[in-house]
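Down below is the structure, laid out as structure tokens.
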Amino acid sequence: MNILVLGATGRVGSQIVTYSLHDRHHVTVLVRTPEKIQIHNENLTIIQGNVLNKNDIALAMRGIDVVISALNTDGTDTLSESMPLIIEAMVTEGIKRIITIGTAGILQSRTTPNSLRYQSSESKRKSTRAAEDHHKVYDILKQSNLDWTIVCPTYLPDGEKVGKYRIERNFLPEGGTKISVPDTAEFTFKQINASDYIKSRVGITY
């Protein structure tokens, strides 16, 4: 498959690139700083550019089968500002499948069913800024015609790959407190061949 990975220099994104290349897919990455990509592989195409630049996104999408976005919030609005550009380029190229990394904060609350976790007492975080940006992305994707999946990890230490974890559609599995970066990346990567969670969020934790 031809996979476009956005956020490829981040913790989860870089692991997704590794898994994809290991399975012999062709991977394209759009990065601001190509020097940060330390992988040399004949199946890896590195495009220098910015997800907020319409032309850069359009160029990166050519010939792509599936998009994986591991962009993070970084205290900016990059996530929600880039998503309309990503969707527009996907529609232009006829790409249907997008898998994004969200946050457990945008899963449904168990205590307050009509609220998201970050809006309820379930969330222990003081700042809701990142969750609010992920929430905007969720709303934008819901309004699209794409086959989207938002993988929503809880606390995300680097950790080791365990290979066993719990997942639940639209909720965080009960009692979950953390999930490692490698396991989150593995589950996200596996969604390129799965249709179980199309048009839904999926909580992931140990």
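Simple scheme: letters A, B, ... for chains in structure tokens order, numbers from 1 for residues in each chain, numbers from 1 for ligands in the order shown.
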Per-residue DSSP, chain A, filtered to strand (DSSP E or B), as a PyMOL selection string: chain A and resi 2-6+26-31+44-48+66-69+97-101+108+116+147-153+166-169+200-205
Taking only residues of segment 42-89 of chain A that have an atom at most 12 Å from an atom of segment 12-18 of chain A, what is each one's shortest atom pair and its distance in Å to one decimal, using only C-alpha atoms, in chain and number order, as a tab-separated table?
residue	atom	partner	partner_atom	distance
A:Asn43	CA	A:Val17	CA	10.5
A:Leu44	CA	A:Val17	CA	8.7
A:Thr45	CA	A:Val17	CA	10.9
A:Ile46	CA	A:Val17	CA	11.3
A:Val67	CA	A:Ile16	CA	11.5
A:Ile68	CA	A:Gly13	CA	8.4
A:Ser69	CA	A:Gly13	CA	7.6
A:Ala70	CA	A:Gly13	CA	5.1
A:Leu71	CA	A:Gly13	CA	7.7
A:Asn72	CA	A:Val12	CA	9.5
Can you build me a table of segment 29-148 of chain A residues sitting at most 6 Å from segment 152-157 of chain A, with the closest atom pair per residue and its distance in Å to one decimal, using only C-alpha atoms, sorted by chain and residue number, as JSON lines?
{"residue": "A:Gly102", "atom": "CA", "partner": "A:Cys152", "partner_atom": "CA", "distance": 4.7}
{"residue": "A:Thr103", "atom": "CA", "partner": "A:Cys152", "partner_atom": "CA", "distance": 4.4}
{"residue": "A:Ala104", "atom": "CA", "partner": "A:Cys152", "partner_atom": "CA", "distance": 4.7}
Using only C-alpha atoms, please write the residues we just selected to a file, as a PDB file, in the first residue's frame.
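Output contents, as saved in out-v5.pdb:
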ATOM      1  CA  GLY A 102      -6.612  11.543  19.078  1.00  0.00           C
ATOM      2  CA  THR A 103      -6.745  11.583  22.854  1.00  0.00           C
ATOM      3  CA  ALA A 104      -8.823   9.683  25.415  1.00  0.00           C
TER       4      ALA A 104
END
Thr128 of chain A surroundings by only C-alpha atoms, 9 Å radius, close-in-sequence under 6 positions cut, as a ChimeraX atom specification: /A:105,118-119
Contacts of Ser82 of chain A within 9 Å, only C-alpha atoms, excl. fewer than 2 positions in-chain, as a VMD selection string: chain A and resid 51 to 54 77 to 80 84 to 87
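Counting only C-alpha atoms and comparing A:Thr149, A:Ser115, A:Thr188, A:Thr76, the residue that lies closest to Arg97 of chain A is A:Thr149.
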Nearest to Glu88 of chain A, chosen from A:Ala130, A:Ile37, A:Leu146, A:Val5, with only C-alpha atoms counted in the distances: A:Leu146
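Nearest-residue note for Thr9 of chain A: choosing from A:Ala89, A:Met61, A:Ile39, A:Ile150, the minimum distance belongs to A:Ile39, counting only C-alpha atoms.
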Per-residue DSSP, segment 89-190 of chain A, filtered to helix (DSSP H, G or I), as a ChimeraX atom specification: /A:89-93,104-106,117-119,129-142,181-190
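Atom CA of Asp147 of chain A is found 26.9 Å from atom CA of Lys178 of chain A.
Of the residues listed (A:Lys96, A:Arg32, A:Lys126, A:His40), A:Lys96 shows the shortest atom-to-atom separation from Leu141 of chain A; distances use only C-alpha atoms.
Distances from A:Val151, A:Ile204, A:Ile64, A:Ala185 to Arg166 of chain A were compared using only C-alpha atoms, and the smallest one belongs to A:Ile204.
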Would you give me, as JSON lines, each residue of segment 107-127 of chain A having an atom within 12 Å of an atom of segment 195-202 of chain A, along with its shortest atom pair and that distance in Å to one decimal, using only C-alpha atoms and sorting by chain and residue number?
{"residue": "A:Leu107", "atom": "CA", "partner": "A:Arg201", "partner_atom": "CA", "distance": 6.9}
{"residue": "A:Gln108", "atom": "CA", "partner": "A:Arg201", "partner_atom": "CA", "distance": 9.3}
{"residue": "A:Leu116", "atom": "CA", "partner": "A:Arg201", "partner_atom": "CA", "distance": 11.6}
Convert the current residue selection to file output with N, CA and C atoms, as an mmCIF file, in the first residue's frame.
data_model
loop_
_atom_site.group_PDB
_atom_site.id
_atom_site.type_symbol
_atom_site.label_atom_id
_atom_site.label_comp_id
_atom_site.auth_asym_id
_atom_site.auth_seq_id
_atom_site.Cartn_x
_atom_site.Cartn_y
_atom_site.Cartn_z
ATOM 1 N N LEU A 107 -13.162 10.779 24.014
ATOM 2 C CA LEU A 107 -14.071 9.635 24.089
ATOM 3 C C LEU A 107 -15.282 10.027 24.939
ATOM 4 N N GLN A 108 -16.354 9.234 24.854
ATOM 5 C CA GLN A 108 -17.550 9.534 25.651
ATOM 6 C C GLN A 108 -17.261 9.322 27.137
ATOM 7 N N LEU A 116 -18.097 14.566 26.600
ATOM 8 C CA LEU A 116 -16.840 13.859 26.325
ATOM 9 C C LEU A 116 -16.041 13.820 27.626
#
Proximity to His134 of chain A - best of A:Gly159, A:Gly63, A:Gly75, A:Gly10, only C-alpha atoms: A:Gly75
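Atom pair atom CA of Ile179 of chain A / atom CA of Leu21 of chain A: separated by 22.8 Å.
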Contacts of Glu122 of chain A at 8 Å (only C-alpha atoms; same-chain gap of 2+ positions) as a PyMOL selection string: chain A and resi 109+111+117-118+120+124
Would you mind exporting the chosen residues as a PDB file, in the first residue's frame, restricted to C-alpha atoms?
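Output saved as result.pdb:
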ATOM      1  CA  SER A 109     -17.752  10.027  29.402  1.00  0.00           C
ATOM      2  CA  THR A 111     -20.300   9.359  34.234  1.00  0.00           C
ATOM      3  CA  ARG A 117     -14.329  12.738  28.954  1.00  0.00           C
ATOM      4  CA  TYR A 118     -12.399  16.016  28.939  1.00  0.00           C
ATOM      5  CA  SER A 120     -16.431  15.665  32.662  1.00  0.00           C
ATOM      6  CA  LYS A 124      -7.768  14.638  35.608  1.00  0.00           C
TER       7      LYS A 124
END
Env of Phe187 of chain A: 10 Å cut, atoms = only C-alpha atoms, seq-sep filter 2 positions within chain, self excluded. Answer as an mmCIF file with C-alpha atoms, in the first residue's frame.
data_model
loop_
_atom_site.group_PDB
_atom_site.id
_atom_site.type_symbol
_atom_site.label_atom_id
_atom_site.label_comp_id
_atom_site.auth_asym_id
_atom_site.auth_seq_id
_atom_site.Cartn_x
_atom_site.Cartn_y
_atom_site.Cartn_z
ATOM 1 C CA ILE A 16 4.107 3.963 12.527
ATOM 2 C CA VAL A 151 -7.393 6.098 17.859
ATOM 3 C CA GLY A 163 1.384 -6.492 22.223
ATOM 4 C CA LYS A 164 -1.681 -6.947 24.465
ATOM 5 C CA TYR A 165 -4.087 -4.142 25.260
ATOM 6 C CA ILE A 167 -9.829 -1.472 23.066
ATOM 7 C CA PRO A 182 4.797 1.331 20.485
ATOM 8 C CA ASP A 183 1.493 -0.422 21.231
ATOM 9 C CA THR A 184 -0.522 2.646 20.206
ATOM 10 C CA ALA A 185 1.457 2.855 16.960
ATOM 11 C CA PHE A 189 -0.987 0.817 11.829
ATOM 12 C CA LYS A 190 -3.134 -2.347 11.903
ATOM 13 C CA GLN A 191 -6.209 -0.232 11.098
ATOM 14 C CA ILE A 192 -5.054 0.165 7.482
ATOM 15 C CA ILE A 204 -6.956 2.004 23.814
#
